[in-house]
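Heads up: the structure comes next, in structure tokens.
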Amino acid sequence: MFLIFDFVGLVAVMLLFILYYKKAKKLKEMIKNMQKDLKEDGEEAEAEAEAEERVVVVEEKREENNKKKLIFMGGVEAEFELNDLFKAPAEGLGKGIFGNTYKAKLEGYMGVKSVVVKRLRDLKPLSNEEFTKQVNMIHEHHNHPNLLPLLAYYYSKDEKLLVYKYAENGNLFNRIHGEKSSKDRIPFRWSSRLSVARDVARALEYLHINIGGIVPHGNLKSTNILLDEHETVVVSDYGLSSLVALPIASQRMVSYKSPEYQSNKRVSRKSDVWSYGCLLLELLTSRVSVHSAPPGINGVDLSTWVHRAVREEWTAEIFDPEISKQRHACHGMLKLLQIALHCCDKSPEKRPKMTEVVRVVENIKVVDESEDEDLSGDPSDDSLSITAPAMVAGDQRL
Ligand SMILES: Nc1ncnc2c1ncn2[C@@H]1O[C@H](COP(=O)(O)OP(=O)(O)OP(=O)(O)O)[C@@H](O)[C@H]1O
């Protein structure tokens, strides 16, 4: 009996031992599997985090690259890249209030395509959004044959560029004053001057109706009136006044030289009208206006000078001899002088609106220049000197 009990007890102990061994093994395997799962989970999480980080980096890079891109206006596909501009042979055109202006010659357009790049300086502190809003506004309202279109822009914290079409035939300043007393000078006849006066008036009227800001142009002067490859007049630098910091604007922009800014520090659309009047006086007299003279060139306060000429009775000398000898144009010249003086009135309220100016300039009859006799040096021609005083001293309203 004892033997049987011993044997059964031994078998039971052995069975218990085997059971325990199996359980322990299973438990060990479970722990091992759990550890393995945990490790795999960790690796997966790490991989996921790494992938997420990679996506962020790629997006940041893309954004950075986008920021380095020229943005073409009106969603137009990029014709050239920023790098093309930097690599292109460049010619400095001058330094204006917005900074340096370059002509860049881009190769590979079945020849060479020239564009003008303005590197903007002394701007108000503007975020990308504010800057973009302003240039989009300029683009939206450029839709006029006498306004120079903006092609593209670039914004970064340290560099802001505007890219324009290059106007092949230069600016009005050089057309009026260039090559004076040189055999190479191409005469700037009355009919051409009248069409400049008309086209600039139309462009300014369009800006006054369509573009926001206190002074829709703000810097109307002969270096900002350009002539393209077809000799079409295109006005440039419009809509930029609100980008410039006030101290710079008041020192350098033409509208801020107006009598109202000198007396009460205020400018308005009528300050653009005043600038237009000064431009007409420059066009008629071929004298440089003190308010828009390029650095290093002396100018004259043309409105004061014209009034003095009338008072002191040397009115015939007001007009540029290049046009005053065109006898048939005399009436038109006097009419344009009348408009100019009305626009230059010291009191902004008395100046006409651009719509009114356009109507009157368009009514000036274009004369047949072939009928003109050359009156140069003809002392008997006093038609201008007789008529001008009556007009200037009298009613200047349009
Ligand atoms: N798109 C263009 N095509 C041809 N010439 C241009 C163009 N834009 C500017 N210019 C010329 O380049 C020169 C420099 O121009 P910029 O606008 O920098 O100065 P500005 O007109 O002299 O003065 P401001 O900055 O006060 O307008 C000027 O002689 C101007 O007529």
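Ligands are numbered from 1 in the order shown, residues from 1 within each chain, and chains are lettered A, B, ... in the order they appear in the structure tokens.
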Non-local contacts of region 280-291 of chain A (7 Å; only C-alpha atoms; under 6 positions in same chain excluded) as a ChimeraX atom specification: /A:176-177,193,197,254,257,298-302,318-320,337,340
I need the chosen residues saved as a JSON list (two decimals), in the first residue's frame, with N, CA and C atoms.
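result-v4.json, freshly written:
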```json
[["chain", "number", "residue", "atom", "x", "y", "z"],
["A", 176, "ILE", "N", 12.70, 115.84, -73.73],
["A", 176, "ILE", "CA", 12.58, 117.31, -73.71],
["A", 176, "ILE", "C", 13.96, 117.97, -73.66],
["A", 177, "HIS", "N", 14.79, 117.49, -72.75],
["A", 177, "HIS", "CA", 16.03, 118.23, -72.46],
["A", 177, "HIS", "C", 17.29, 117.64, -73.10],
["A", 193, "ARG", "N", 4.25, 116.71, -78.37],
["A", 193, "ARG", "CA", 4.11, 117.20, -76.99],
["A", 193, "ARG", "C", 2.63, 117.15, -76.57],
["A", 197, "ALA", "N", 0.84, 115.17, -73.45],
["A", 197, "ALA", "CA", -0.02, 115.81, -72.46],
["A", 197, "ALA", "C", -1.36, 115.07, -72.35],
["A", 254, "VAL", "N", 7.13, 114.11, -55.61],
["A", 254, "VAL", "CA", 6.70, 115.40, -56.18],
["A", 254, "VAL", "C", 5.44, 115.94, -55.51],
["A", 257, "LYS", "N", 5.78, 118.22, -52.66],
["A", 257, "LYS", "CA", 6.37, 119.56, -52.86],
["A", 257, "LYS", "C", 5.26, 120.58, -53.13],
["A", 298, "ASN", "N", 19.88, 121.91, -61.82],
["A", 298, "ASN", "CA", 19.11, 123.01, -61.23],
["A", 298, "ASN", "C", 17.80, 123.18, -61.96],
["A", 299, "GLY", "N", 16.77, 123.42, -61.19],
["A", 299, "GLY", "CA", 15.46, 123.62, -61.81],
["A", 299, "GLY", "C", 14.89, 124.99, -61.46],
["A", 300, "VAL", "N", 13.76, 125.29, -62.07],
["A", 300, "VAL", "CA", 13.09, 126.58, -61.87],
["A", 300, "VAL", "C", 11.68, 126.30, -61.32],
["A", 301, "ASP", "N", 11.20, 127.23, -60.45],
["A", 301, "ASP", "CA", 9.80, 127.12, -60.03],
["A", 301, "ASP", "C", 8.98, 127.66, -61.21],
["A", 302, "LEU", "N", 8.51, 126.74, -62.05],
["A", 302, "LEU", "CA", 7.97, 127.14, -63.36],
["A", 302, "LEU", "C", 6.71, 127.98, -63.26],
["A", 318, "ILE", "N", 8.25, 132.39, -72.86],
["A", 318, "ILE", "CA", 7.77, 131.25, -72.05],
["A", 318, "ILE", "C", 7.96, 129.94, -72.80],
["A", 319, "PHE", "N", 7.57, 129.98, -74.09],
["A", 319, "PHE", "CA", 7.55, 128.72, -74.85],
["A", 319, "PHE", "C", 8.92, 128.35, -75.40],
["A", 320, "ASP", "N", 9.15, 127.04, -75.45],
["A", 320, "ASP", "CA", 10.38, 126.52, -76.04],
["A", 320, "ASP", "C", 10.44, 126.95, -77.52],
["A", 337, "LEU", "N", -1.19, 126.05, -71.86],
["A", 337, "LEU", "CA", -0.59, 126.86, -70.79],
["A", 337, "LEU", "C", -1.67, 127.25, -69.77],
["A", 340, "ALA", "N", -2.33, 124.30, -67.65],
["A", 340, "ALA", "CA", -1.21, 124.08, -66.72],
["A", 340, "ALA", "C", -1.32, 125.00, -65.51]]
```
So which bits of region 128-198 of chain A end up alpha helix (DSSP H) when you DSSP the backbone, as a compact mmCIF listing (two decimals) with C-alpha atoms, in the first residue's frame?
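This went into out_28.txt:
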```
# COMPACT_ATOMS: atom_id res chain seq x y z
CA ASN A 128 4.68 89.72 -47.02
CA GLU A 129 0.85 89.89 -46.98
CA GLU A 130 0.76 93.70 -46.89
CA PHE A 131 3.35 93.99 -49.65
CA THR A 132 1.56 91.38 -51.79
CA LYS A 133 -1.79 93.15 -51.29
CA GLN A 134 -0.29 96.44 -52.47
CA VAL A 135 1.39 95.02 -55.60
CA ASN A 136 -1.76 93.07 -56.49
CA MET A 137 -3.71 96.30 -56.24
CA ILE A 138 -1.19 97.96 -58.60
CA HIS A 139 -1.53 95.06 -61.03
CA GLU A 140 -5.35 94.95 -60.94
CA LEU A 172 10.22 112.23 -71.32
CA PHE A 173 12.91 114.13 -69.41
CA ASN A 174 15.54 113.12 -71.98
CA ARG A 175 13.11 113.70 -74.84
CA ILE A 176 12.58 117.31 -73.71
CA HIS A 177 16.03 118.23 -72.46
CA TRP A 190 4.17 120.40 -80.89
CA SER A 191 1.94 117.51 -82.01
CA SER A 192 4.14 115.01 -80.11
CA ARG A 193 4.11 117.20 -76.99
CA LEU A 194 0.34 117.54 -77.18
CA SER A 195 -0.15 113.79 -77.45
CA VAL A 196 2.11 113.29 -74.39
CA ALA A 197 -0.02 115.81 -72.46
CA ARG A 198 -3.19 114.00 -73.53
```
Excluding Glu168 (chain A) and its own-chain neighbours fewer than 4 positions away, which residues fall within 12 Å of it when counting only C-alpha atoms? Please give them as an NGL selection string. :A and (103 or 113-116 or 226-234)
List every residue of chain A that has an atom at most 6 Å from any atom of ligand 1, giving for each one its closest atom pair and the distance in Å to one decimal, counting only C-alpha atoms and all ligand atoms, sorted by chain and then by ascending residue number, as a tab-separated table.
```
residue	atom	partner	partner_atom_place_in_ligand_line	distance
A:Leu93	CA	ligand 1	12 (O)	4.4
A:Gly94	CA	ligand 1	14 (C)	3.9
A:Lys95	CA	ligand 1	18 (O)	4.7
A:Gly96	CA	ligand 1	25 (O)	3.0
A:Ile97	CA	ligand 1	25 (O)	3.9
A:Phe98	CA	ligand 1	25 (O)	5.3
A:Asn100	CA	ligand 1	18 (O)	5.5
A:Thr101	CA	ligand 1	18 (O)	4.6
A:Val116	CA	ligand 1	1 (N)	5.2
A:Tyr164	CA	ligand 1	1 (N)	5.4
A:Lys165	CA	ligand 1	1 (N)	5.3
A:Tyr166	CA	ligand 1	3 (N)	3.8
A:Ala167	CA	ligand 1	3 (N)	3.7
A:Gly170	CA	ligand 1	4 (C)	5.3
A:Asn171	CA	ligand 1	31 (O)	4.8
A:Thr223	CA	ligand 1	31 (O)	4.2
A:Asn224	CA	ligand 1	21 (O)	5.0
```
Produce a file of the selected residues containing C-alpha atoms, as a PDB file, in the first residue's frame.
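Contents of the output file selection18.pdb:
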```pdb
ATOM      1  CA  LEU A  93      19.575 103.102 -65.093  1.00  0.00           C
ATOM      2  CA  GLY A  94      19.674 105.334 -62.062  1.00  0.00           C
ATOM      3  CA  LYS A  95      18.891 105.725 -58.411  1.00  0.00           C
ATOM      4  CA  GLY A  96      15.424 106.913 -57.515  1.00  0.00           C
ATOM      5  CA  ILE A  97      13.512 107.243 -54.280  1.00  0.00           C
ATOM      6  CA  PHE A  98      12.721 103.538 -54.282  1.00  0.00           C
ATOM      7  CA  ASN A 100      18.461 101.461 -57.629  1.00  0.00           C
ATOM      8  CA  THR A 101      16.923 100.618 -60.980  1.00  0.00           C
ATOM      9  CA  VAL A 116      13.694  96.647 -65.586  1.00  0.00           C
ATOM     10  CA  TYR A 164       8.707  95.951 -65.250  1.00  0.00           C
ATOM     11  CA  LYS A 165       8.822  95.852 -69.012  1.00  0.00           C
ATOM     12  CA  TYR A 166      11.715  97.911 -70.413  1.00  0.00           C
ATOM     13  CA  ALA A 167      10.569 101.022 -72.306  1.00  0.00           C
ATOM     14  CA  GLY A 170      13.594 106.249 -72.782  1.00  0.00           C
ATOM     15  CA  ASN A 171      11.900 108.882 -70.697  1.00  0.00           C
ATOM     16  CA  THR A 223      11.523 110.729 -65.659  1.00  0.00           C
ATOM     17  CA  ASN A 224       8.470 108.622 -64.792  1.00  0.00           C
TER      18      ASN A 224
END
```
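Going from CA of Leu243 (chain A) to CA of Pro125 (chain A) covers 8.7 Å.
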Using Å and a single decimal, report how far CA of Lys118 (chain A) sits from CA of Glu79 (chain A).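 Spanning CA of Glu79 (chain A) to CA of Lys118 (chain A) is a straight-line distance of 17.8 Å.
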Where in region 171-387 of chain A does DSSP assign strand (DSSP E), given as a PDB file with N, CA and C atoms, in the first residue's frame?
```pdb
ATOM      1  N   ILE A 225       7.693 109.295 -66.988  1.00  0.00           N
ATOM      2  CA  ILE A 225       6.876 109.176 -68.203  1.00  0.00           C
ATOM      3  C   ILE A 225       7.795 108.538 -69.243  1.00  0.00           C
ATOM      4  N   LEU A 226       7.441 107.341 -69.680  1.00  0.00           N
ATOM      5  CA  LEU A 226       8.334 106.592 -70.568  1.00  0.00           C
ATOM      6  C   LEU A 226       7.723 106.428 -71.955  1.00  0.00           C
ATOM      7  N   LEU A 227       8.602 106.139 -72.915  1.00  0.00           N
ATOM      8  CA  LEU A 227       8.136 105.934 -74.295  1.00  0.00           C
ATOM      9  C   LEU A 227       8.542 104.528 -74.718  1.00  0.00           C
ATOM     10  N   VAL A 233       3.173 106.557 -74.961  1.00  0.00           N
ATOM     11  CA  VAL A 233       3.501 107.112 -73.641  1.00  0.00           C
ATOM     12  C   VAL A 233       3.011 106.148 -72.563  1.00  0.00           C
ATOM     13  N   VAL A 234       3.906 105.738 -71.667  1.00  0.00           N
ATOM     14  CA  VAL A 234       3.475 104.906 -70.533  1.00  0.00           C
ATOM     15  C   VAL A 234       3.972 105.535 -69.227  1.00  0.00           C
ATOM     16  N   VAL A 235       3.044 105.695 -68.299  1.00  0.00           N
ATOM     17  CA  VAL A 235       3.382 106.299 -67.005  1.00  0.00           C
ATOM     18  C   VAL A 235       3.834 105.181 -66.070  1.00  0.00           C
TER      19      VAL A 235
END
```
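Across A:Pro294, A:Gly277, A:Pro259, A:Gly332, the tightest approach to Pro348 (chain A) is made by A:Pro259 when counting only C-alpha atoms.
Separating CA of Pro187 (chain A) from CA of Ile323 (chain A) is a distance of 9.1 Å.
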